[in-house]
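Written out below as structure tokens is the structure these notes cover.
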Amino acid sequence: MSNLETNSIEYMTMEIDGQLFGLPINRVQDVFIPENMTKVPLSNSEIAGVLNLRGRIVTAIDMRRRLDLPDREPGQSFMSVGIEYKNESYGFLIDSVGEVLRLKPSDQEPNPANLEPHWALVSSGVYRLEGQLLVVLDVERVLDLTSAPLAA
Amino acid sequence: MRVAKGNTPLLIMGQDMDDLLSEFLTETTESLDVVDVELVKFEQEPNNAAILNNIFRLVHTIKGTCGFLGLPRLEALAHAAETLMGEFRDGVPVTGEAVTLILASIDRIKNILSDLEENETEPAGSDEDLISKLEIMSAGGSPEAEGLVEAVSESETVSETEAVSETVSEAVTEAVSESESKPDVDDSAAINVVERETKPGEVSLDDLERAFQEADGPDMDIAPVASEPAEEAKVEEPVAEPEPTPVEPPVEAKASDDNAAPAKKKESLKNQSIRVNVDTLEHLITMVSELVLTRNQLLEMDRRHQDSQFKVPLQRLSNVTAELQEGIMQTRMQPIGNAWQKLPRIVRDLALELDKKIDLVMNGADTELDRQVLELIKDPLTHMVRNSADHGLETTQGRIDAGKSETGQVVLSAYHEGGYIIMEIADDGQGLPTEKLKSKIIENGLLSEGEADKLTDAQIHRYVFNAGLSTAKNVTSVSGRGVGMDVVRSNIELIGGIVDLKSTPGVGTTFYIKIPLTLAIVSALIVEASGEKYAIPQLSVIELVRAQADSEHKIEMIKDTPVLRLRNKLLPLIHLSRLLEIEQPKSAEIIDLAATKAALDVAEIDGKPEDDEAEQPADMDVQAGIETPAENPREDVENGFIIVTQVGSNNFGIVVDAVFHTEEIVVKPMSSMLRDISMFSGNTILGDGSVIMIIDPNGIVQAVSSDLSSDEKKSENVAVHATDQDKPVSMLLFKAGSGEPKAVPLSLITRLEEIQCADIEYSNNRYMVQYRGNLMPLVFFDPDEVPNKEGTQALLVFADNERSMAMAVNEIVDIVEEKLDIEVGSSRDGILGSAVIKGVATEVIDMGHFLPQAFADWFQRQEFDQNKFAKKILLVDDSAFFRNMLTPVLKAAGYNVTSVESAQHALDLCEQEIMFDLIVSDIEMPEMNGFEFAEALADGTSWENIPIIALSSHSSPAALERGRQAGFHDYVAKFDREGLIEVLSKSHKPVGVAA
């Protein structure tokens, strides 16, 4: 393993409601525009629906709902980041995809103590980038819907 | 033993394992399974030489191969077993004891084999115990055996030399003895056997050689030669008749010849099949499934282009795909007999153990079904057969007393019906003990006595499928170990099957299992509700009915419940959109309607090709429906398509907005995130590429079961339901423990709190949290649960006087006002039963179970600790749920509550002259009802002047009048907490002064 690999992680950045987020790129399977989504009645509100991606059934998770952010305006475009987890396919619905950044783990800071609980649940840390902050999403925790904070 | 099943041969073929060894293991395991079955048959027909020969040959093959491969331990054991069998062949009478011993040896061989498979060497250990028993049995089994044997051996040697060419015989004999002598050197046990067994051993060895050759020798040699001894046998037969024992050998020789022919046939059959890795097959099936999907997709595209040049090749592709699919599904098909293979042995062992005489009859063993289903059905089936043999059949004496034949019968049959395979397990035993079951049900709190009395016998019987209802008085090693029919039922339901039973006292019990032939591809009806499409498995659909306001079929309402008159019966209806909570606001309707119409048009054009595949009787209805699409499907509740569905004994109609076509769909499992939605059994990709959810009729039934649980029950319970449903209750919905939503009446909860998990402390064997300056015990729904290390924890706080406890829950979902209609049916601690809340089956939790977990004396201490000025109330109610629910409510309102479970208990208190300020009594109670109770009190007792409030909801004027006459002061509906408190405060004031 080269020094470069051990000392830095590549993050795919994405924007959700104006905030920059990052996912370790090795967790990202693909990026696609979700089409033809089927709603799943009685499911958690975070689940936007299921869709067919090249013959696989993908469960789409609305990251805005997951992060307790307001829903997208009707007509606003969105993208999906494909994730494989425990042999199942998921799609994180986000507003837009950004560039890939190579960041040092040593630069990562823990979540600020006062971070909103919904965010603290799914984030594994924060990077101070020039001009903005990047919140690192933790795939396992995003997918663990049972850990949602108290609804009431 | 388990791994080396015949149908998973490749499992044992590790790459580095010796090919020979693995081949040996595969064959041996198969042979042993056969031996098991044959031996049981043999025990019943000890004179059937053909069976004996068969067993003998198999065991001998095992022995021979062991010697060849250098497996001394196996060889010694097989040899000893074989010697004993040799004795049988020589006319020693077959005893059950001997067969048991041989079966035990075969079990041991299997154990060694499975070890061998894992480690590729024989495990260390001695089989001296078995071998010596076998020896004693073969030696002592019949004292004159030796003399006979010698005589026999002589006559046989003659026939043998004739029968088999000497060279072959000698060669084989040498080969075998050589391979035998080699291990003998290093295995003392084997030496013992061989040395001691010389005499009887020799004889049987000769026999063995012959059998060996018949089985494995080249076909050419045997076929022509075989006819000779057969003729000989015929000549000798007349002589044989009077003296059975010495003449056995010729008879046997004949039998073995008979056997040779089928054996040969079998061999040629064998050559036509090859072993294929199961994984390879599975992979093929998946690929074909994908191909089917793609084909459907292409067909869908093709439909949109009327005169496409692809039409013809597509048609061809479609046909080929269909054929391929059928062919590949065929490879998965196995006769159900494979799942039954072990049963004769199990029943035989059972019969011995229980000292019963049991006949196992198996019909339709060649009925084929999917391998996957077969594997899943094996265990439940075994369990049910055991159950029938153990619980179903009486003891021998019991049978004689009942005037039945001594031998009990368990009949296992299988046959195809539609897309299902039906299995029946019938015994001619005593039938289910209805009364015993009933008392058990009541004892376990599944039903109150009153409720239980209303059920028919058949309904009571079905409770055997509930957890924890073993009726066996004694836990035998066979059954009654707690893993009961509930597990069987859930296993069967897991694969989309149904289990039911019919029991007649004294005549027997029959269990029915209905399971789908295959799980991978199902034919489904595509329907629409509120603009979304769903698939309903065709198997559960009985027929389709088009409902229109002005037609014969129209949806009618009983209060808020839709029903349909169908052939002189009332069919309960469920709106799919309501069930799935996808009802749409009116404004969306117009756009939606357009979409529906467009979809209908598409369906109309192509209806044919799809429908050809699925031969469903309701097709005509679908077509009729599509040709005249509803003007406005959602406008009027009286219109709609009704899918008449059957689940178990429940018939109900699912109302949808539109019905399209049927489509072959490949069921894909739901994402684990969605799996807790019981309404769906999976999802799939349709021909148009969209994902569609597959409705699970079982889930629907569960969700609405309280409304539906079979017709008879419904009519019987109408009164109860009506009363409970009268008033809506505020319920808190939450999630805790397992996935199902849970509910608790809001009136019981004091506060909702959220704490940091880090604040949870563990002391004195329980979880605590510091709360408002006090330590508050924390209980979990699932006693094994441990709190998260971090994050927050939602709590339901229950407080009573100065004490409070908290229940940790995963998520608080909602607070709803809903009519609480408990479908009693839970035997799980902490659950009162299930109710439909917001269309979802919800478990209503029993706080009475959890409160004592926090404070063991939660309920008792109150009585003594109460403010002595508090008014004392006596609560009489047979239902534990109401007592547990109302007691805290009343206490919270400042009363000192004593609760009793029957009018009789109350009268006992009355006799002790314990005084109360008020009595609150249920009306519907078993034994003595509320009216009688009130009348009894009014009859000059010490309680004569205590006001009584009726807790009921027979709020008809007649009932009110009846109550007044009986002496009730007031009426309060159950669940009307506010009303109760108000009535109480009104009632006790004047009396309070008097008291």
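Identifiers in this document derive from the order of the structure tokens: chains are assigned A, B, ..., residues are numbered from 1 separately in each chain, and ligands are numbered from 1 in order of occurrence.
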Just need the residues of chain B within 7 Å of chain A, counting only C-alpha atoms, so spit them out as a ChimeraX atom specification.
/B:580-582,671,674,677,685,689-692,792,794,810-813
For the residues selected in the previous step, produce a file with N, CA and C atoms as a PDB file, in the first residue's frame.
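Written output follows (selection_0.pdb):
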ATOM      1  N   LEU B 580     -53.460   0.338   2.957  1.00  0.00           N
ATOM      2  CA  LEU B 580     -52.072   0.766   2.762  1.00  0.00           C
ATOM      3  C   LEU B 580     -51.900   2.240   3.081  1.00  0.00           C
ATOM      4  N   GLU B 581     -52.971   2.846   3.522  1.00  0.00           N
ATOM      5  CA  GLU B 581     -52.939   4.268   3.864  1.00  0.00           C
ATOM      6  C   GLU B 581     -52.440   5.112   2.708  1.00  0.00           C
ATOM      7  N   ILE B 582     -52.975   4.835   1.557  1.00  0.00           N
ATOM      8  CA  ILE B 582     -52.558   5.639   0.401  1.00  0.00           C
ATOM      9  C   ILE B 582     -53.748   6.332  -0.221  1.00  0.00           C
ATOM     10  N   SER B 671     -36.189  -5.353   0.591  1.00  0.00           N
ATOM     11  CA  SER B 671     -35.032  -4.821   1.285  1.00  0.00           C
ATOM     12  C   SER B 671     -35.259  -5.008   2.781  1.00  0.00           C
ATOM     13  N   LEU B 674     -37.506  -2.819   4.633  1.00  0.00           N
ATOM     14  CA  LEU B 674     -38.949  -2.795   4.408  1.00  0.00           C
ATOM     15  C   LEU B 674     -39.594  -4.102   4.845  1.00  0.00           C
ATOM     16  N   ILE B 677     -42.842  -4.652   7.003  1.00  0.00           N
ATOM     17  CA  ILE B 677     -44.196  -4.331   6.556  1.00  0.00           C
ATOM     18  C   ILE B 677     -44.859  -5.643   6.157  1.00  0.00           C
ATOM     19  N   ILE B 685     -39.820  -6.694 -10.515  1.00  0.00           N
ATOM     20  CA  ILE B 685     -39.730  -5.729 -11.608  1.00  0.00           C
ATOM     21  C   ILE B 685     -40.706  -6.154 -12.689  1.00  0.00           C
ATOM     22  N   GLY B 689     -40.491  -2.322 -16.519  1.00  0.00           N
ATOM     23  CA  GLY B 689     -39.282  -1.882 -15.839  1.00  0.00           C
ATOM     24  C   GLY B 689     -39.542  -1.255 -14.480  1.00  0.00           C
ATOM     25  N   SER B 690     -40.808  -1.047 -14.133  1.00  0.00           N
ATOM     26  CA  SER B 690     -41.063  -0.430 -12.846  1.00  0.00           C
ATOM     27  C   SER B 690     -41.068  -1.501 -11.751  1.00  0.00           C
ATOM     28  N   VAL B 691     -40.803  -1.042 -10.556  1.00  0.00           N
ATOM     29  CA  VAL B 691     -40.811  -1.956  -9.413  1.00  0.00           C
ATOM     30  C   VAL B 691     -42.225  -1.966  -8.858  1.00  0.00           C
ATOM     31  N   ILE B 692     -42.674  -3.131  -8.467  1.00  0.00           N
ATOM     32  CA  ILE B 692     -44.024  -3.245  -7.937  1.00  0.00           C
ATOM     33  C   ILE B 692     -43.991  -4.063  -6.657  1.00  0.00           C
ATOM     34  N   THR B 792     -29.834   8.728  22.015  1.00  0.00           N
ATOM     35  CA  THR B 792     -30.864   9.017  22.995  1.00  0.00           C
ATOM     36  C   THR B 792     -31.804   7.830  23.095  1.00  0.00           C
ATOM     37  N   ALA B 794     -35.816   6.825  24.010  1.00  0.00           N
ATOM     38  CA  ALA B 794     -37.174   7.285  24.271  1.00  0.00           C
ATOM     39  C   ALA B 794     -37.772   6.452  25.391  1.00  0.00           C
ATOM     40  N   ASN B 810     -38.093   1.905  21.193  1.00  0.00           N
ATOM     41  CA  ASN B 810     -37.225   2.321  20.091  1.00  0.00           C
ATOM     42  C   ASN B 810     -37.688   3.631  19.491  1.00  0.00           C
ATOM     43  N   GLU B 811     -38.991   3.767  19.396  1.00  0.00           N
ATOM     44  CA  GLU B 811     -39.484   4.919  18.666  1.00  0.00           C
ATOM     45  C   GLU B 811     -40.929   5.140  19.066  1.00  0.00           C
ATOM     46  N   ILE B 812     -41.276   6.371  19.301  1.00  0.00           N
ATOM     47  CA  ILE B 812     -42.676   6.679  19.540  1.00  0.00           C
ATOM     48  C   ILE B 812     -43.259   7.095  18.207  1.00  0.00           C
ATOM     49  N   VAL B 813     -44.287   6.413  17.795  1.00  0.00           N
ATOM     50  CA  VAL B 813     -44.747   6.597  16.431  1.00  0.00           C
ATOM     51  C   VAL B 813     -45.854   7.633  16.343  1.00  0.00           C
TER      52      VAL B 813
END
Expected answer as a PyMOL selection string: helix (DSSP H, G or I) residues in range 9-145 of chain A:
chain A and resi 25-27+63-66+105-107+117-122+139-143+145
List the neighbours of range 107-112 of chain A out to 9 Å using only C-alpha atoms; skip same-chain residues closer than 5 positions along the sequence, and give me the result as a PDB file with N, CA, C and O atoms, in the first residue's frame.
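That gives us result.pdb:
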ATOM      1  N   ALA A 120     -26.130  14.300  13.971  1.00  0.00           N
ATOM      2  CA  ALA A 120     -25.103  13.618  14.755  1.00  0.00           C
ATOM      3  C   ALA A 120     -25.245  12.100  14.612  1.00  0.00           C
ATOM      4  O   ALA A 120     -24.263  11.373  14.628  1.00  0.00           O
ATOM      5  N   SER A 123     -23.613  11.223  11.048  1.00  0.00           N
ATOM      6  CA  SER A 123     -22.330  11.790  10.642  1.00  0.00           C
ATOM      7  C   SER A 123     -21.215  11.217  11.493  1.00  0.00           C
ATOM      8  O   SER A 123     -21.388  10.972  12.699  1.00  0.00           O
ATOM      9  N   SER A 124     -20.087  10.962  10.856  1.00  0.00           N
ATOM     10  CA  SER A 124     -18.964  10.430  11.624  1.00  0.00           C
ATOM     11  C   SER A 124     -17.889  11.488  11.842  1.00  0.00           C
ATOM     12  O   SER A 124     -16.859  11.197  12.423  1.00  0.00           O
ATOM     13  N   GLY A 125     -18.111  12.712  11.379  1.00  0.00           N
ATOM     14  CA  GLY A 125     -17.130  13.753  11.619  1.00  0.00           C
ATOM     15  C   GLY A 125     -17.252  14.890  10.618  1.00  0.00           C
ATOM     16  O   GLY A 125     -18.126  14.867   9.737  1.00  0.00           O
ATOM     17  N   VAL A 126     -16.387  15.861  10.797  1.00  0.00           N
ATOM     18  CA  VAL A 126     -16.479  17.069   9.963  1.00  0.00           C
ATOM     19  C   VAL A 126     -15.072  17.440   9.481  1.00  0.00           C
ATOM     20  O   VAL A 126     -14.087  17.274  10.210  1.00  0.00           O
ATOM     21  N   TYR A 127     -14.987  17.897   8.229  1.00  0.00           N
ATOM     22  CA  TYR A 127     -13.730  18.457   7.704  1.00  0.00           C
ATOM     23  C   TYR A 127     -13.897  19.956   7.530  1.00  0.00           C
ATOM     24  O   TYR A 127     -14.949  20.412   7.050  1.00  0.00           O
ATOM     25  N   ARG A 128     -12.874  20.688   7.927  1.00  0.00           N
ATOM     26  CA  ARG A 128     -12.906  22.135   7.669  1.00  0.00           C
ATOM     27  C   ARG A 128     -12.275  22.361   6.312  1.00  0.00           C
ATOM     28  O   ARG A 128     -11.071  22.258   6.157  1.00  0.00           O
ATOM     29  N   VAL A 135     -19.505  17.566   5.936  1.00  0.00           N
ATOM     30  CA  VAL A 135     -19.964  16.608   6.935  1.00  0.00           C
ATOM     31  C   VAL A 135     -19.835  15.205   6.352  1.00  0.00           C
ATOM     32  O   VAL A 135     -20.344  14.937   5.264  1.00  0.00           O
ATOM     33  N   VAL A 136     -19.108  14.356   7.046  1.00  0.00           N
ATOM     34  CA  VAL A 136     -18.883  12.999   6.536  1.00  0.00           C
ATOM     35  C   VAL A 136     -20.059  12.107   6.956  1.00  0.00           C
ATOM     36  O   VAL A 136     -20.403  12.021   8.131  1.00  0.00           O
TER      37      VAL A 136
END
Leaving out Asp846 in chain B and any residue of its chain fewer than 4 positions from it, which residues lie within 7 Å of it when counting only C-alpha atoms, given as a compact mmCIF listing (two decimals) with N, CA, C and O atoms, in the first residue's frame?
# COMPACT_ATOMS: atom_id res chain seq x y z
N GLY B 830 -46.53 -10.07 28.25
CA GLY B 830 -46.43 -8.65 27.97
C GLY B 830 -47.28 -8.18 26.83
O GLY B 830 -47.35 -7.00 26.55
N ILE B 831 -47.94 -9.08 26.15
CA ILE B 831 -48.81 -8.70 25.04
C ILE B 831 -50.22 -9.17 25.36
O ILE B 831 -50.43 -10.34 25.64
N LEU B 832 -51.15 -8.26 25.32
CA LEU B 832 -52.52 -8.66 25.57
C LEU B 832 -53.14 -9.30 24.34
O LEU B 832 -53.97 -10.18 24.42
Report as a JSON list (two decimals) with all heavy atoms, in the first residue's frame all protein, DNA and RNA residues lying within 10 Å of Ser77 in chain A, evaluated on only C-alpha atoms, omitting residues in the same chain fewer than 6 positions from it.
[["chain", "number", "residue", "atom", "x", "y", "z"],
["A", 33, "ILE", "N", -29.53, 9.00, -11.97],
["A", 33, "ILE", "CA", -30.72, 9.82, -11.81],
["A", 33, "ILE", "C", -31.89, 8.88, -11.58],
["A", 33, "ILE", "O", -32.21, 8.05, -12.42],
["A", 33, "ILE", "CB", -30.96, 10.67, -13.09],
["A", 33, "ILE", "CG1", -29.76, 11.59, -13.28],
["A", 33, "ILE", "CG2", -32.25, 11.47, -12.96],
["A", 33, "ILE", "CD1", -29.77, 12.33, -14.61],
["A", 34, "PRO", "N", -32.48, 8.98, -10.42],
["A", 34, "PRO", "CA", -33.56, 8.04, -10.11],
["A", 34, "PRO", "C", -34.80, 8.30, -10.97],
["A", 34, "PRO", "O", -35.23, 9.44, -11.09],
["A", 34, "PRO", "CB", -33.86, 8.29, -8.63],
["A", 34, "PRO", "CG", -33.19, 9.54, -8.26],
["A", 34, "PRO", "CD", -32.26, 9.95, -9.35],
["A", 94, "ILE", "N", -30.01, 12.79, -3.09],
["A", 94, "ILE", "CA", -29.36, 14.04, -2.70],
["A", 94, "ILE", "C", -29.68, 15.09, -3.75],
["A", 94, "ILE", "O", -30.25, 14.77, -4.80],
["A", 94, "ILE", "CB", -27.83, 13.84, -2.61],
["A", 94, "ILE", "CG1", -27.35, 13.08, -3.87],
["A", 94, "ILE", "CG2", -27.49, 12.98, -1.39],
["A", 94, "ILE", "CD1", -26.01, 13.43, -4.29],
["A", 95, "ASP", "N", -29.30, 16.32, -3.50],
["A", 95, "ASP", "CA", -29.65, 17.38, -4.46],
["A", 95, "ASP", "C", -28.71, 17.35, -5.66],
["A", 95, "ASP", "O", -29.15, 17.39, -6.80],
["A", 95, "ASP", "CB", -29.57, 18.75, -3.78],
["A", 95, "ASP", "CG", -30.62, 18.87, -2.67],
["A", 95, "ASP", "OD1", -31.41, 17.93, -2.53],
["A", 95, "ASP", "OD2", -30.63, 19.90, -1.98],
["A", 96, "SER", "N", -27.40, 17.31, -5.40],
["A", 96, "SER", "CA", -26.47, 17.27, -6.52],
["A", 96, "SER", "C", -25.15, 16.66, -6.09],
["A", 96, "SER", "O", -24.85, 16.60, -4.90],
["A", 96, "SER", "CB", -26.23, 18.70, -7.04],
["A", 96, "SER", "OG", -25.64, 19.47, -6.02]]
Residues within 7 Å of range 409-411 of chain B, please, as number ranges by chain. Count only C-alpha atoms; anything in the same chain fewer than 2 positions from it doesn't count.
B: 358-362, 388-389, 407, 413, 425-428
Which polymer residues have any atom within 8 Å of an atom of Val31 in chain A, counting only C-alpha atoms, with same-chain residues fewer than 2 positions away left out, as a list in words?
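In the requested form, the answer reads Val28, Gln29, Ile33, Met79, Ser80, Val81 and Gly82 of chain A.
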Just write the chosen residues, N, CA and C atoms, as a PDB file, in the first residue's frame.
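Result file follows (again12.pdb):
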ATOM      1  N   VAL A  28     -19.181   4.101  -2.519  1.00  0.00           N
ATOM      2  CA  VAL A  28     -20.138   4.539  -3.546  1.00  0.00           C
ATOM      3  C   VAL A  28     -20.059   3.597  -4.744  1.00  0.00           C
ATOM      4  N   GLN A  29     -21.168   3.016  -5.102  1.00  0.00           N
ATOM      5  CA  GLN A  29     -21.210   2.086  -6.221  1.00  0.00           C
ATOM      6  C   GLN A  29     -21.335   2.842  -7.542  1.00  0.00           C
ATOM      7  N   ILE A  33     -29.526   9.001 -11.972  1.00  0.00           N
ATOM      8  CA  ILE A  33     -30.724   9.825 -11.814  1.00  0.00           C
ATOM      9  C   ILE A  33     -31.890   8.879 -11.575  1.00  0.00           C
ATOM     10  N   MET A  79     -30.419  13.683  -7.438  1.00  0.00           N
ATOM     11  CA  MET A  79     -29.584  12.582  -7.900  1.00  0.00           C
ATOM     12  C   MET A  79     -29.620  11.477  -6.854  1.00  0.00           C
ATOM     13  N   SER A  80     -29.058  10.355  -7.246  1.00  0.00           N
ATOM     14  CA  SER A  80     -28.997   9.283  -6.282  1.00  0.00           C
ATOM     15  C   SER A  80     -27.597   8.690  -6.260  1.00  0.00           C
ATOM     16  N   VAL A  81     -27.108   8.447  -5.091  1.00  0.00           N
ATOM     17  CA  VAL A  81     -25.811   7.795  -4.930  1.00  0.00           C
ATOM     18  C   VAL A  81     -26.071   6.339  -4.557  1.00  0.00           C
ATOM     19  N   GLY A  82     -25.590   5.444  -5.396  1.00  0.00           N
ATOM     20  CA  GLY A  82     -25.847   4.020  -5.170  1.00  0.00           C
ATOM     21  C   GLY A  82     -24.871   3.437  -4.170  1.00  0.00           C
TER      22      GLY A  82
END
Best match for closeness to Tyr11 in chain A among A:Glu99, A:Glu46, A:Asp68, A:Asp30, counting only C-alpha atoms
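Under the stated criterion, the closest residue is A:Glu99.
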Looking at only C-alpha atoms, which of B:Met776, B:Ser126, B:Asn788, B:Ser105 is the one that sits closest to Gln756 in chain B?
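Using only C-alpha atoms, Gln756 in chain B sits closest to B:Asn788.
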Separation of CA of Ala958 in chain B from CA of Ala903 in chain B, in Å and rounded to one decimal:
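CA of Ala958 in chain B sits 22.3 Å away from CA of Ala903 in chain B.
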Mind the document's chain letters and residue numbers, and return as JSON, numbers by chain the residues of range 67-136 of chain A that DSSP labels strand (DSSP E).
{"A": [79, 80, 81, 82, 83, 84, 85, 88, 89, 90, 91, 92, 93, 94, 96, 97, 98, 99, 100, 101, 102, 103, 123, 124, 125, 126, 127, 128, 133, 134, 135, 136]}
